[in-house]
file input35.csv (CSV, C-alpha atoms)
chain,number,residue,atom,x,y,z
A,292,MET,CA,-2.1,64.3,-26.0
A,293,ALA,CA,-5.2,63.7,-23.9
A,294,THR,CA,-8.2,65.5,-25.2
A,295,ASN,CA,-10.8,64.6,-22.5
A,296,PHE,CA,-12.2,67.1,-20.0
A,297,GLN,CA,-14.9,67.4,-17.4
A,298,PRO,CA,-17.5,70.2,-17.8
A,299,LYS,CA,-18.9,71.2,-14.5
A,300,SER,CA,-22.4,71.4,-16.0
A,301,ASP,CA,-22.3,67.6,-16.7
A,302,ILE,CA,-21.5,66.6,-13.2
A,303,GLN,CA,-24.2,65.1,-11.0
A,304,VAL,CA,-23.9,64.3,-7.4
A,305,ILE,CA,-25.8,61.2,-6.4
A,306,VAL,CA,-25.9,59.8,-2.8
A,307,GLY,CA,-26.1,56.0,-2.2
A,308,THR,CA,-27.8,55.1,1.1
A,309,GLY,CA,-28.8,52.0,3.0
A,310,SER,CA,-26.9,49.3,4.8
A,311,ALA,CA,-23.5,48.5,3.3
A,312,ASN,CA,-20.3,47.0,4.7
A,313,LEU,CA,-17.8,49.6,5.7
A,314,GLY,CA,-15.2,49.6,2.9
A,315,SER,CA,-17.7,48.7,0.2
A,316,ALA,CA,-19.6,51.1,-2.1
A,317,HIS,CA,-23.3,50.9,-2.3
A,318,LEU,CA,-24.5,48.6,-5.1
A,319,VAL,CA,-26.1,49.9,-8.3
A,320,GLY,CA,-29.5,48.5,-7.1
A,321,ASP,CA,-29.3,50.2,-3.7
A,322,THR,CA,-31.1,53.5,-3.0
A,323,TRP,CA,-29.5,56.4,-4.9
A,324,THR,CA,-30.8,59.9,-4.5
A,325,LYS,CA,-30.1,63.0,-6.5
A,326,LEU,CA,-30.3,65.6,-3.8
A,327,HIS,CA,-30.5,69.3,-4.8
A,328,VAL,CA,-26.7,69.7,-4.7
A,329,THR,CA,-25.8,73.3,-5.7
A,330,ASP,CA,-22.1,73.3,-4.9
A,331,TYR,CA,-19.5,70.7,-4.0
A,332,SER,CA,-15.8,69.9,-3.7
A,333,ILE,CA,-14.2,66.7,-4.9
A,334,GLU,CA,-11.2,64.6,-3.9
A,335,HIS,CA,-8.6,62.5,-5.7
A,336,ALA,CA,-6.7,59.5,-4.4
A,337,SER,CA,-3.5,61.1,-3.0
A,338,ALA,CA,-1.0,60.9,-0.2
A,339,PRO,CA,0.9,63.4,1.9
A,340,LEU,CA,4.6,63.4,1.7
A,341,ASP,CA,6.9,63.1,4.7
A,342,VAL,CA,10.6,64.1,4.4
A,343,ALA,CA,13.3,62.4,6.4
A,344,PRO,CA,15.9,64.5,8.2
A,345,GLN,CA,18.9,65.6,6.4
A,346,ARG,CA,22.5,64.4,6.8
A,347,SER,CA,24.6,67.0,8.5
A,348,GLY,CA,26.7,68.8,6.0
A,349,SER,CA,24.4,68.1,3.1
A,350,TYR,CA,22.7,71.0,1.4
A,351,GLY,CA,20.1,69.1,-0.7
A,352,GLN,CA,17.3,66.7,-0.3
A,353,THR,CA,17.8,63.3,-1.9
A,354,GLU,CA,15.0,61.0,-3.2
A,355,SER,CA,15.5,58.5,-0.5
A,356,MET,CA,14.3,61.1,2.0
A,357,GLY,CA,10.8,61.3,0.5
A,358,HIS,CA,8.1,59.0,1.9
A,359,HIS,CA,4.5,59.0,0.9
A,360,ARG,CA,2.1,58.4,3.8
A,361,PRO,CA,-1.2,57.0,2.4
A,362,ASP,CA,-1.6,55.3,5.8
A,363,THR,CA,-2.5,58.6,7.4
A,364,GLN,CA,-4.7,59.9,4.5
A,365,SER,CA,-8.3,60.8,4.8
A,366,TYR,CA,-10.6,62.6,2.4
A,367,GLU,CA,-13.2,65.3,3.0
A,368,VAL,CA,-15.7,66.9,0.6
A,369,SER,CA,-18.4,69.4,1.2
A,370,LEU,CA,-21.8,69.4,-0.4
A,371,THR,CA,-24.1,72.4,-0.4
A,372,MET,CA,-27.7,71.5,-0.9
A,373,ARG,CA,-31.2,73.1,-1.0
A,374,GLY,CA,-32.8,72.2,2.3
A,375,THR,CA,-35.3,69.6,1.5
A,376,PRO,CA,-36.4,66.9,4.0
A,377,SER,CA,-34.4,64.3,2.0
A,378,ALA,CA,-31.3,66.4,2.3
A,379,VAL,CA,-31.6,66.9,6.0
A,380,LEU,CA,-32.6,63.2,6.7
A,381,THR,CA,-29.7,61.9,4.6
A,382,CYS,CA,-27.2,64.1,6.4
A,383,SER,CA,-28.5,63.5,9.9
A,384,ASN,CA,-28.2,59.8,9.4
A,385,ALA,CA,-24.6,60.1,8.2
A,386,MET,CA,-24.0,62.5,11.1
A,387,TRP,CA,-25.5,60.8,14.1
A,388,GLY,CA,-27.3,57.7,12.8
A,389,ASP,CA,-30.9,59.1,12.8
A,390,GLY,CA,-32.5,59.6,9.4
A,391,SER,CA,-36.1,59.1,10.4
A,392,SER,CA,-38.1,62.0,11.7
A,393,THR,CA,-38.3,63.1,14.5
A,394,LEU,CA,-34.5,63.4,14.4
A,395,THR,CA,-33.1,63.6,17.9
A,396,LEU,CA,-29.5,64.0,18.9
A,397,THR,CA,-28.6,63.1,22.5
A,398,ALA,CA,-25.3,62.2,24.2
A,399,GLU,CA,-26.2,58.6,23.6
A,400,ASP,CA,-26.3,58.8,19.8
A,401,SER,CA,-23.7,57.9,17.3
A,402,THR,CA,-23.2,56.2,14.0
A,403,GLY,CA,-22.5,52.9,15.7
A,404,SER,CA,-19.7,50.5,15.0
A,405,MET,CA,-17.5,51.8,12.2
A,406,LYS,CA,-15.4,48.7,11.5
A,407,ASP,CA,-14.2,47.6,8.1
A,408,GLY,CA,-16.3,44.9,6.7
A,409,THR,CA,-19.1,45.4,9.2
A,410,SER,CA,-22.6,46.5,8.0
A,411,ASN,CA,-23.5,50.1,8.8
A,412,SER,CA,-26.6,51.9,7.6
A,413,SER,CA,-25.3,55.5,8.2
A,414,ALA,CA,-22.4,55.5,5.8
A,415,VAL,CA,-23.1,56.9,2.4
A,416,THR,CA,-21.5,56.5,-1.0
A,417,LEU,CA,-21.0,59.7,-2.9
A,418,LEU,CA,-21.1,59.3,-6.7
A,419,PHE,CA,-19.8,62.3,-8.7
A,420,GLU,CA,-20.9,61.4,-12.1
A,421,ASN,CA,-18.7,62.5,-15.0
A,422,THR,CA,-16.0,63.7,-12.7
A,423,GLY,CA,-13.3,61.0,-13.4
A,424,SER,CA,-10.1,62.2,-15.0
A,425,ASP,CA,-9.9,59.1,-17.1
A,426,SER,CA,-11.7,59.1,-20.5
A,427,THR,CA,-13.4,55.8,-19.7
A,428,GLN,CA,-13.5,55.6,-15.9
A,429,ILE,CA,-15.7,58.7,-16.0
A,430,ASP,CA,-17.1,58.7,-12.4
A,431,LEU,CA,-15.6,59.4,-9.0
A,432,VAL,CA,-16.9,57.2,-6.2
A,433,MET,CA,-16.2,58.0,-2.5
A,434,LYS,CA,-17.4,55.1,-0.3
A,435,SER,CA,-18.0,54.8,3.4
A,436,CYS,CA,-18.5,58.5,4.0
A,437,PHE,CA,-19.8,59.8,7.3
A,438,CYS,CA,-20.7,63.4,8.1
A,439,THR,CA,-18.3,65.3,10.3
A,440,GLY,CA,-20.0,68.7,9.9
A,441,LEU,CA,-23.6,69.7,9.2
A,442,THR,CA,-24.9,73.2,9.0
A,443,LEU,CA,-28.6,74.1,8.5
A,444,LYS,CA,-29.2,77.8,7.8
A,445,GLU,CA,-31.8,80.2,6.6
A,446,ASP,CA,-31.4,83.9,5.8
A,447,VAL,CA,-34.0,86.3,4.4
A,448,GLY,CA,-31.3,87.7,2.0
A,449,THR,CA,-30.0,84.4,0.6
A,450,ASN,CA,-31.7,82.0,-1.9
A,451,GLY,CA,-35.1,83.5,-1.3
A,452,GLY,CA,-35.0,82.4,2.3
A,453,GLU,CA,-34.6,78.8,1.5
A,454,LEU,CA,-33.1,76.4,4.0
A,455,ILE,CA,-29.5,75.6,3.0
A,456,VAL,CA,-27.8,72.4,4.1
A,457,ASP,CA,-23.9,72.4,4.1
A,458,ALA,CA,-22.5,69.0,4.9
A,459,THR,CA,-18.9,67.8,5.2
A,460,PHE,CA,-18.5,64.1,4.3
A,461,TRP,CA,-15.4,62.3,5.4
A,462,THR,CA,-13.9,58.9,4.5
A,463,ALA,CA,-10.5,57.2,5.0
A,464,TYR,CA,-11.0,55.0,1.9
A,465,ARG,CA,-9.4,56.1,-1.4
A,466,PRO,CA,-11.7,57.8,-3.9
A,467,GLU,CA,-12.0,55.6,-7.0
A,468,GLU,CA,-12.3,56.6,-10.6
A,469,THR,CA,-14.6,54.1,-12.1
A,470,THR,CA,-17.9,53.8,-13.8
A,471,LEU,CA,-21.0,53.4,-11.6
A,472,ALA,CA,-24.5,53.6,-13.0
A,473,PRO,CA,-27.2,53.3,-10.3
A,474,THR,CA,-30.2,51.4,-11.5
A,475,GLY,CA,-32.6,53.8,-13.1
A,476,GLY,CA,-30.0,56.6,-12.8
A,477,GLY,CA,-31.0,57.4,-9.2
A,478,VAL,CA,-34.2,59.0,-7.8
A,479,ALA,CA,-34.5,62.8,-8.1
A,480,ASP,CA,-35.4,64.5,-4.8
A,481,GLU,CA,-38.7,66.2,-5.6
A,482,ASP,CA,-39.2,67.7,-2.1
A,483,ASN,CA,-39.5,71.5,-1.6
A,484,PRO,CA,-36.9,73.2,0.6
A,485,LYS,CA,-38.0,74.7,3.9
A,486,ASN,CA,-38.0,78.5,4.1
A,487,ILE,CA,-37.4,81.2,6.7
A,488,PHE,CA,-40.5,83.1,5.5
A,489,ASN,CA,-42.6,80.1,6.5
A,490,LEU,CA,-41.5,80.1,10.1
A,491,THR,CA,-44.4,80.7,12.5
A,492,THR,CA,-42.5,80.1,15.7
A,493,LYS,CA,-39.2,81.8,16.4
A,494,THR,CA,-38.6,81.9,20.1
A,495,LEU,CA,-35.6,82.0,22.4
A,496,GLY,CA,-36.2,81.5,26.1
A,497,GLY,CA,-39.9,81.8,25.3
A,498,PHE,CA,-39.6,85.3,23.8
A,499,ALA,CA,-40.6,85.8,20.2
A,500,LEU,CA,-37.8,87.1,18.0
A,501,ILE,CA,-37.8,88.8,14.6
A,502,LEU,CA,-35.2,86.9,12.8
A,503,THR,CA,-33.3,87.8,9.7
A,504,SER,CA,-31.1,84.7,9.8
A,505,TRP,CA,-30.3,81.6,11.8
A,506,GLU,CA,-27.8,78.8,11.5
A,507,LEU,CA,-27.2,75.6,13.4
A,508,ASN,CA,-23.9,73.7,13.2
A,509,ILE,CA,-23.3,70.2,14.3
A,510,SER,CA,-19.8,68.8,14.3
A,511,ARG,CA,-17.6,65.9,15.4
A,512,SER,CA,-14.3,64.5,14.4
A,513,LEU,CA,-13.4,61.1,13.1
A,514,GLU,CA,-10.0,59.4,12.7
A,515,ARG,CA,-9.0,56.4,10.7
A,516,VAL,CA,-7.6,53.3,12.5
A,517,SER,CA,-4.2,52.4,11.0
A,518,PHE,CA,-4.0,50.5,7.7
A,519,GLN,CA,-4.6,46.9,6.7
A,520,ASP,CA,-2.1,46.5,3.9
A,521,THR,CA,0.3,48.5,1.7
A,522,THR,CA,-1.8,47.9,-1.4
A,523,ASP,CA,-4.9,50.0,-0.8
A,524,TYR,CA,-4.1,51.3,2.7
A,525,ASP,CA,-7.7,50.7,3.8
A,526,PRO,CA,-8.2,51.4,7.5
A,527,PHE,CA,-9.4,48.9,10.0
A,528,GLY,CA,-12.3,51.3,10.7
A,529,TYR,CA,-13.0,54.7,12.1
A,530,VAL,CA,-13.2,56.1,15.6
A,531,GLN,CA,-15.0,59.2,16.7
A,532,THR,CA,-12.6,61.4,18.6
A,533,SER,CA,-14.8,64.2,19.8
A,534,PRO,CA,-18.3,64.7,21.2
A,535,TYR,CA,-21.0,66.1,19.0
A,536,GLU,CA,-20.8,69.9,19.4
A,537,VAL,CA,-23.9,71.9,18.5
A,538,THR,CA,-23.6,75.6,18.1
A,539,GLY,CA,-25.3,78.3,16.1
A,540,THR,CA,-26.1,81.9,15.6
A,541,ILE,CA,-29.3,83.8,15.4
A,542,SER,CA,-29.5,87.3,14.0
A,543,ALA,CA,-32.6,89.1,15.4
A,544,LYS,CA,-34.0,92.6,15.5
A,545,ARG,CA,-32.8,94.4,18.6
A,546,ASP,CA,-36.0,95.1,20.6
A,547,ASP,CA,-37.9,94.3,23.8
A,548,SER,CA,-37.3,90.6,23.4
A,549,ILE,CA,-33.6,91.1,23.5
A,550,TYR,CA,-34.0,93.2,26.6
A,551,ASP,CA,-36.1,90.4,28.1
A,552,LEU,CA,-33.2,88.0,27.5
A,553,VAL,CA,-31.0,90.0,29.7
A,554,SER,CA,-30.1,87.4,32.3
A,555,ALA,CA,-29.3,84.8,29.6
A,556,ILE,CA,-27.2,87.2,27.6
A,557,LYS,CA,-25.4,88.5,30.7
A,558,GLY,CA,-24.7,84.9,31.6
A,559,ASP,CA,-26.4,82.8,34.3
A,560,SER,CA,-25.2,79.4,33.2
A,561,THR,CA,-28.8,78.3,32.7
A,562,GLY,CA,-30.1,76.8,29.5
A,563,ILE,CA,-33.1,78.3,27.7
A,564,ALA,CA,-35.1,76.8,24.8
A,565,LEU,CA,-34.7,77.7,21.2
A,566,SER,CA,-37.7,76.9,19.0
A,567,LEU,CA,-38.1,77.4,15.3
A,568,ALA,CA,-41.1,76.0,13.5
A,569,GLU,CA,-43.2,76.2,10.4
A,570,SER,CA,-46.9,75.6,10.9
A,571,SER,CA,-46.3,72.0,9.8
A,572,GLY,CA,-43.5,69.9,8.4
A,573,PHE,CA,-40.6,71.6,10.2
A,574,THR,CA,-39.7,72.1,13.8
A,575,LEU,CA,-36.2,72.7,15.1
A,576,SER,CA,-35.9,72.5,18.9
A,577,CYS,CA,-32.9,73.0,21.1
A,578,PRO,CA,-34.3,72.7,24.6
A,579,ASP,CA,-31.2,73.8,26.4
A,580,VAL,CA,-29.0,76.5,24.8
A,581,MET,CA,-26.7,79.0,26.4
A,582,ILE,CA,-25.9,82.3,24.7
A,583,ASP,CA,-22.3,82.7,24.0
A,584,ASN,CA,-21.1,86.3,23.9
A,585,SER,CA,-24.0,88.1,22.2
A,586,LYS,CA,-23.3,91.5,20.6
A,587,PRO,CA,-25.3,94.2,18.9
A,588,GLU,CA,-24.8,94.7,15.2
A,589,VAL,CA,-25.0,98.2,13.7
A,590,GLY,CA,-26.8,98.6,10.4
A,591,GLU,CA,-29.6,100.9,9.2
A,592,TYR,CA,-31.4,99.5,12.2
A,593,LEU,CA,-29.9,97.6,15.0
A,594,MET,CA,-29.7,93.9,15.2
A,595,GLN,CA,-28.5,91.5,17.8
A,596,SER,CA,-26.2,88.6,17.0
A,597,ILE,CA,-26.9,85.8,19.4
A,598,PRO,CA,-24.3,82.9,19.2
A,599,PHE,CA,-25.3,79.9,21.2
A,600,ARG,CA,-24.3,76.4,22.2
A,601,ALA,CA,-26.8,73.6,22.7
A,602,PHE,CA,-26.6,71.1,25.5
A,603,GLY,CA,-28.7,68.1,26.6
A,604,ALA,CA,-30.1,68.6,30.1
A,605,ASN,CA,-29.0,65.0,30.8
A,606,GLU,CA,-27.3,62.2,28.8
A,607,ASP,CA,-30.6,61.0,27.3
A,608,ASP,CA,-32.1,64.4,26.7
A,609,ASN,CA,-32.2,66.0,23.4
A,610,ILE,CA,-29.5,68.4,22.4
A,611,VAL,CA,-31.4,69.1,19.3
A,612,SER,CA,-34.5,67.6,17.7
A,613,ILE,CA,-35.7,68.2,14.2
A,614,THR,CA,-39.1,67.2,12.8
A,615,ILE,CA,-39.1,67.4,9.1
A,616,SER,CA,-41.4,66.2,6.4
W,194,MET,CA,-45.2,63.6,18.0
W,195,ALA,CA,-45.3,60.7,20.3
W,196,LYS,CA,-42.8,58.4,22.0
W,197,TYR,CA,-42.7,54.7,21.3
W,198,LYS,CA,-41.0,51.7,22.8
W,199,ALA,CA,-40.2,48.4,21.2
W,200,LYS,CA,-42.4,45.4,21.7
W,201,SER,CA,-40.6,42.1,22.1
W,202,SER,CA,-41.5,41.3,18.5
W,203,TYR,CA,-39.4,44.3,17.3
W,204,LYS,CA,-36.3,42.7,18.8
W,205,LYS,CA,-36.8,39.7,16.5
W,206,LEU,CA,-37.0,41.7,13.3
W,207,ASP,CA,-34.3,41.4,10.7
W,208,ASP,CA,-32.1,44.4,9.8
W,209,SER,CA,-34.1,44.7,6.6
W,210,GLU,CA,-37.3,45.2,8.6
W,211,ASN,CA,-36.2,47.2,11.7
W,212,PHE,CA,-35.2,50.9,12.0
W,213,ASN,CA,-31.9,50.0,10.4
W,214,ALA,CA,-33.8,49.6,7.2
W,215,PHE,CA,-35.2,53.1,7.6
W,216,SER,CA,-31.9,54.9,7.9
W,217,SER,CA,-32.0,55.2,11.7
W,218,SER,CA,-29.5,52.9,13.4
W,219,SER,CA,-29.6,55.2,16.4
W,220,LYS,CA,-33.4,54.8,16.9
W,221,HIS,CA,-32.8,51.0,16.5
W,222,ARG,CA,-30.2,50.8,19.2
W,223,LYS,CA,-32.3,52.8,21.6
W,224,LEU,CA,-35.3,50.6,21.0
W,225,MET,CA,-33.2,47.5,21.5
W,226,ASN,CA,-32.0,49.0,24.8
W,227,GLY,CA,-35.5,49.4,26.0
W,228,GLN,CA,-35.5,53.2,25.6
W,229,SER,CA,-38.2,55.2,24.0
W,230,VAL,CA,-37.9,57.2,20.8
W,231,VAL,CA,-39.8,60.1,19.3
W,232,ILE,CA,-41.4,59.2,16.0
W,233,THR,CA,-43.4,61.5,13.7
W,234,ASP,CA,-44.6,58.9,11.2
W,235,ILE,CA,-44.1,55.2,11.9
W,236,PRO,CA,-42.5,53.5,8.9
W,237,GLU,CA,-44.7,51.0,7.2
W,238,GLY,CA,-44.7,47.6,8.8
W,239,LEU,CA,-43.3,48.8,12.1
W,240,SER,CA,-46.4,50.0,13.9
W,241,GLU,CA,-47.4,46.5,15.1
W,242,HIS,CA,-43.9,46.1,16.7
W,243,LEU,CA,-44.0,49.4,18.7
W,244,THR,CA,-46.1,50.6,21.6
W,245,LYS,CA,-47.0,54.2,22.3
W,246,GLU,CA,-45.7,55.6,25.5
W,247,GLY,CA,-47.5,58.1,27.8
W,248,LYS,CA,-49.1,61.3,26.5
W,249,PRO,CA,-48.1,63.0,23.3
W,250,ILE,CA,-45.3,65.6,23.6
W,251,LYS,CA,-46.7,69.1,23.5
W,252,SER,CA,-45.0,72.0,21.9
W,253,PRO,CA,-43.8,74.6,24.5
W,254,LYS,CA,-46.2,77.4,25.1
W,255,LEU,CA,-45.0,80.7,23.8
W,256,LYS,CA,-44.7,83.8,25.9
W,257,GLU,CA,-46.2,86.9,24.3
W,258,ASN,CA,-43.8,89.5,23.0
W,259,LYS,CA,-44.1,92.9,24.6

call {"tool": "encode", "arguments": {"input": "input35.csv", "output": "structure tokens"}}
result
Amino acid sequence: MATNFQPKSDIQVIVGTGSANLGSAHLVGDTWTKLHVTDYSIEHASAPLDVAPQRSGSYGQTESMGHHRPDTQSYEVSLTMRGTPSAVLTCSNAMWGDGSSTLTLTAEDSTGSMKDGTSNSSAVTLLFENTGSDSTQIDLVMKSCFCTGLTLKEDVGTNGGELIVDATFWTAYRPEETTLAPTGGGVADEDNPKNIFNLTTKTLGGFALILTSWELNISRSLERVSFQDTTDYDPFGYVQTSPYEVTGTISAKRDDSIYDLVSAIKGDSTGIALSLAESSGFTLSCPDVMIDNSKPEVGEYLMQSIPFRAFGANEDDNIVSITIS
Amino acid sequence: MAKYKAKSSYKKLDDSENFNAFSSSSKHRKLMNGQSVVITDIPEGLSEHLTKEGKPIKSPKLKENK
């Protein structure tokens, strides 16, 4: 009878960054950062099951009909982090290959060649310490992970207004239960999170809004390329199968500024600028957003929910830029 | 904030010295293509390989709320 177990309170999430070949985990001497991860999901090496069609006249399924399909498998975990500069920079690099402020996303950006055995500086290794189900292989390692979803959000009513970073990491390589001890145990992220109460600029279309919350979502999809062998079922690489889509929502007090945005809300197919900034150290700018079906919200006082989609004016123009330090 | 382009010396840097080493393969590719990139703080050791382009980017002026 096995007696080991994994207390959640013992689990640390550490992110390995820097150049590494796709298909290889970062080395213990690489850069490992303990971001302020507050919630997470984990994965386990697994495979979906295909079932072959049934012989006519048979009323049961026989073993020969079951086929595991590790060749189609991919793994996805989500991390929720306090919104420090390190958290944002790590995720933006894994999302669109830019981890050095000012972060700019244009239609020309990507995480580059994602080919097995080829060096890539945007893929991260996720180390879930003390998560292994085995009593000696106590860690869970997910290598060659890229971001497929990134949400930045602030709300006056959540976590004291702190910036929250929700990131979805994706890999087509099997998670491995092993022991991995970064040199020095990894570097703790000592940065302070950004905060909605520190925003000094909150404008849409040039009009100042009174915000209670905002969020920005960036997403893309990745797919694995086939499989190299029937031992590990490692892919030949990844391909990006969708453009980056940047959407978001602002919740603002319903006032004169909302009225002034009338043409953008009614719909004129013209982009307007969204700008959120602290006095220093944080600026989020979407120069060209279009409002997508904005509606009033009825509470003790009226608010306006303003969903939007961000575009680049041209291929090389920013869809979003973030300055953070 | 300012925009920078790569000097010819940047293109000779090893991956351990260029923007790939500073977690920004995207900036690296743009610089190698002759494009400009917006940089807040130039990473150590790269300033001599980059040249500033034009005027600094100004923040948009805000309209007064009614």

call {"tool": "residues_around", "arguments": {"input": "input35.csv", "residues": "segment 603-616 of chain A", "least_positions_apart": "4", "cutoff": "8 Å", "atoms": "all atoms listed in the file", "output": "count of residues only"}}
result
19

call {"tool": "residues_around", "arguments": {"input": "input35.csv", "residues": "Glu354 of chain A", "least_positions_apart": "3", "cutoff": "10 Å", "atoms": "only C-alpha atoms", "output": "list of chain:residue names"}}
result
A:Val342, A:Ala343, A:Gly351, A:Gly357, A:His358

call {"tool": "interface_residues", "arguments": {"input": "input35.csv", "of": "chain A", "to": "chain W", "cutoff": "8 Å", "atoms": "only C-alpha atoms", "output": "ChimeraX atom specification"}}
result
/A:308-310,384,387-395,400-403,412-413,494,497-499,547-548,614

call {"tool": "write_last_selection", "arguments": {"input": "input35.csv", "atoms": "C-alpha atoms", "output": "mmCIF file, in the frame of the given file"}}
result
data_model
loop_
_atom_site.group_PDB
_atom_site.id
_atom_site.type_symbol
_atom_site.label_atom_id
_atom_site.label_comp_id
_atom_site.auth_asym_id
_atom_site.auth_seq_id
_atom_site.Cartn_x
_atom_site.Cartn_y
_atom_site.Cartn_z
ATOM 1 C CA THR A 308 -27.800 55.100 1.100
ATOM 2 C CA GLY A 309 -28.800 52.000 3.000
ATOM 3 C CA SER A 310 -26.900 49.300 4.800
ATOM 4 C CA ASN A 384 -28.200 59.800 9.400
ATOM 5 C CA TRP A 387 -25.500 60.800 14.100
ATOM 6 C CA GLY A 388 -27.300 57.700 12.800
ATOM 7 C CA ASP A 389 -30.900 59.100 12.800
ATOM 8 C CA GLY A 390 -32.500 59.600 9.400
ATOM 9 C CA SER A 391 -36.100 59.100 10.400
ATOM 10 C CA SER A 392 -38.100 62.000 11.700
ATOM 11 C CA THR A 393 -38.300 63.100 14.500
ATOM 12 C CA LEU A 394 -34.500 63.400 14.400
ATOM 13 C CA THR A 395 -33.100 63.600 17.900
ATOM 14 C CA ASP A 400 -26.300 58.800 19.800
ATOM 15 C CA SER A 401 -23.700 57.900 17.300
ATOM 16 C CA THR A 402 -23.200 56.200 14.000
ATOM 17 C CA GLY A 403 -22.500 52.900 15.700
ATOM 18 C CA SER A 412 -26.600 51.900 7.600
ATOM 19 C CA SER A 413 -25.300 55.500 8.200
ATOM 20 C CA THR A 494 -38.600 81.900 20.100
ATOM 21 C CA GLY A 497 -39.900 81.800 25.300
ATOM 22 C CA PHE A 498 -39.600 85.300 23.800
ATOM 23 C CA ALA A 499 -40.600 85.800 20.200
ATOM 24 C CA ASP A 547 -37.900 94.300 23.800
ATOM 25 C CA SER A 548 -37.300 90.600 23.400
ATOM 26 C CA THR A 614 -39.100 67.200 12.800
#

call {"tool": "atom_distance", "arguments": {"input": "input35.csv", "atom1": "atom CA of Lys204 of chain W", "atom2": "atom CA of Glu246 of chain W"}}
result
17.3 Å

call {"tool": "residues_around", "arguments": {"input": "input35.csv", "residues": "segment 596-602 of chain A", "least_positions_apart": "3", "cutoff": "10 Å", "atoms": "all atoms listed in the file", "output": "PDB file with C-alpha atoms, in the coordinates of the input"}}
result
ATOM      1  CA  THR A 397     -28.600  63.100  22.500  1.00  0.00           C
ATOM      2  CA  ALA A 398     -25.300  62.200  24.200  1.00  0.00           C
ATOM      3  CA  LEU A 495     -35.600  82.000  22.400  1.00  0.00           C
ATOM      4  CA  SER A 504     -31.100  84.700   9.800  1.00  0.00           C
ATOM      5  CA  TRP A 505     -30.300  81.600  11.800  1.00  0.00           C
ATOM      6  CA  GLU A 506     -27.800  78.800  11.500  1.00  0.00           C
ATOM      7  CA  LEU A 507     -27.200  75.600  13.400  1.00  0.00           C
ATOM      8  CA  ASN A 508     -23.900  73.700  13.200  1.00  0.00           C
ATOM      9  CA  ILE A 509     -23.300  70.200  14.300  1.00  0.00           C
ATOM     10  CA  TYR A 535     -21.000  66.100  19.000  1.00  0.00           C
ATOM     11  CA  GLU A 536     -20.800  69.900  19.400  1.00  0.00           C
ATOM     12  CA  VAL A 537     -23.900  71.900  18.500  1.00  0.00           C
ATOM     13  CA  THR A 538     -23.600  75.600  18.100  1.00  0.00           C
ATOM     14  CA  GLY A 539     -25.300  78.300  16.100  1.00  0.00           C
ATOM     15  CA  THR A 540     -26.100  81.900  15.600  1.00  0.00           C
ATOM     16  CA  ILE A 541     -29.300  83.800  15.400  1.00  0.00           C
ATOM     17  CA  SER A 542     -29.500  87.300  14.000  1.00  0.00           C
ATOM     18  CA  ALA A 543     -32.600  89.100  15.400  1.00  0.00           C
ATOM     19  CA  LYS A 544     -34.000  92.600  15.500  1.00  0.00           C
ATOM     20  CA  ARG A 545     -32.800  94.400  18.600  1.00  0.00           C
ATOM     21  CA  ILE A 549     -33.600  91.100  23.500  1.00  0.00           C
ATOM     22  CA  ILE A 556     -27.200  87.200  27.600  1.00  0.00           C
ATOM     23  CA  GLY A 562     -30.100  76.800  29.500  1.00  0.00           C
ATOM     24  CA  ILE A 563     -33.100  78.300  27.700  1.00  0.00           C
ATOM     25  CA  ALA A 564     -35.100  76.800  24.800  1.00  0.00           C
ATOM     26  CA  LEU A 565     -34.700  77.700  21.200  1.00  0.00           C
ATOM     27  CA  SER A 576     -35.900  72.500  18.900  1.00  0.00           C
ATOM     28  CA  CYS A 577     -32.900  73.000  21.100  1.00  0.00           C
ATOM     29  CA  PRO A 578     -34.300  72.700  24.600  1.00  0.00           C
ATOM     30  CA  ASP A 579     -31.200  73.800  26.400  1.00  0.00           C
ATOM     31  CA  VAL A 580     -29.000  76.500  24.800  1.00  0.00           C
ATOM     32  CA  MET A 581     -26.700  79.000  26.400  1.00  0.00           C
ATOM     33  CA  ILE A 582     -25.900  82.300  24.700  1.00  0.00           C
ATOM     34  CA  ASP A 583     -22.300  82.700  24.000  1.00  0.00           C
ATOM     35  CA  ASN A 584     -21.100  86.300  23.900  1.00  0.00           C
ATOM     36  CA  SER A 585     -24.000  88.100  22.200  1.00  0.00           C
ATOM     37  CA  LYS A 586     -23.300  91.500  20.600  1.00  0.00           C
ATOM     38  CA  PRO A 587     -25.300  94.200  18.900  1.00  0.00           C
ATOM     39  CA  GLU A 588     -24.800  94.700  15.200  1.00  0.00           C
ATOM     40  CA  LEU A 593     -29.900  97.600  15.000  1.00  0.00           C
ATOM     41  CA  ASN A 605     -29.000  65.000  30.800  1.00  0.00           C
ATOM     42  CA  GLU A 606     -27.300  62.200  28.800  1.00  0.00           C
ATOM     43  CA  ASP A 608     -32.100  64.400  26.700  1.00  0.00           C
ATOM     44  CA  ASN A 609     -32.200  66.000  23.400  1.00  0.00           C
ATOM     45  CA  ILE A 610     -29.500  68.400  22.400  1.00  0.00           C
ATOM     46  CA  VAL A 611     -31.400  69.100  19.300  1.00  0.00           C
TER      47      VAL A 611
END

call {"tool": "atom_distance", "arguments": {"input": "input35.csv", "atom1": "atom CA of Gly475 of chain A", "atom2": "atom CA of Phe437 of chain A"}}
result
24.8 Å

call {"tool": "atom_distance", "arguments": {"input": "input35.csv", "atom1": "atom CA of Ser410 of chain A", "atom2": "atom CA of Gly314 of chain A"}}
result
9.5 Å

call {"tool": "closest_residue", "arguments": {"input": "input35.csv", "among": "A:Ala463, A:Val328, A:Ala293, A:Leu441", "to": "Gln519 of chain A", "atoms": "only C-alpha atoms"}}
result
A:Ala463

call {"tool": "decode", "arguments": {"input": "input35.csv", "residues": "segment 371-375 of chain A", "atoms": "C-alpha atoms", "output": "short mmCIF file (atom, residue, chain, number, x, y, z; two decimals), in the first residue's frame"}}
result
data_model
loop_
_atom_site.label_atom_id
_atom_site.label_comp_id
_atom_site.auth_asym_id
_atom_site.auth_seq_id
_atom_site.Cartn_x
_atom_site.Cartn_y
_atom_site.Cartn_z
CA THR A 371 -2.57 32.52 -11.96
CA MET A 372 0.03 34.99 -10.78
CA ARG A 373 0.25 38.31 -9.00
CA GLY A 374 1.00 40.87 -11.69
CA THR A 375 4.64 41.69 -11.20
#
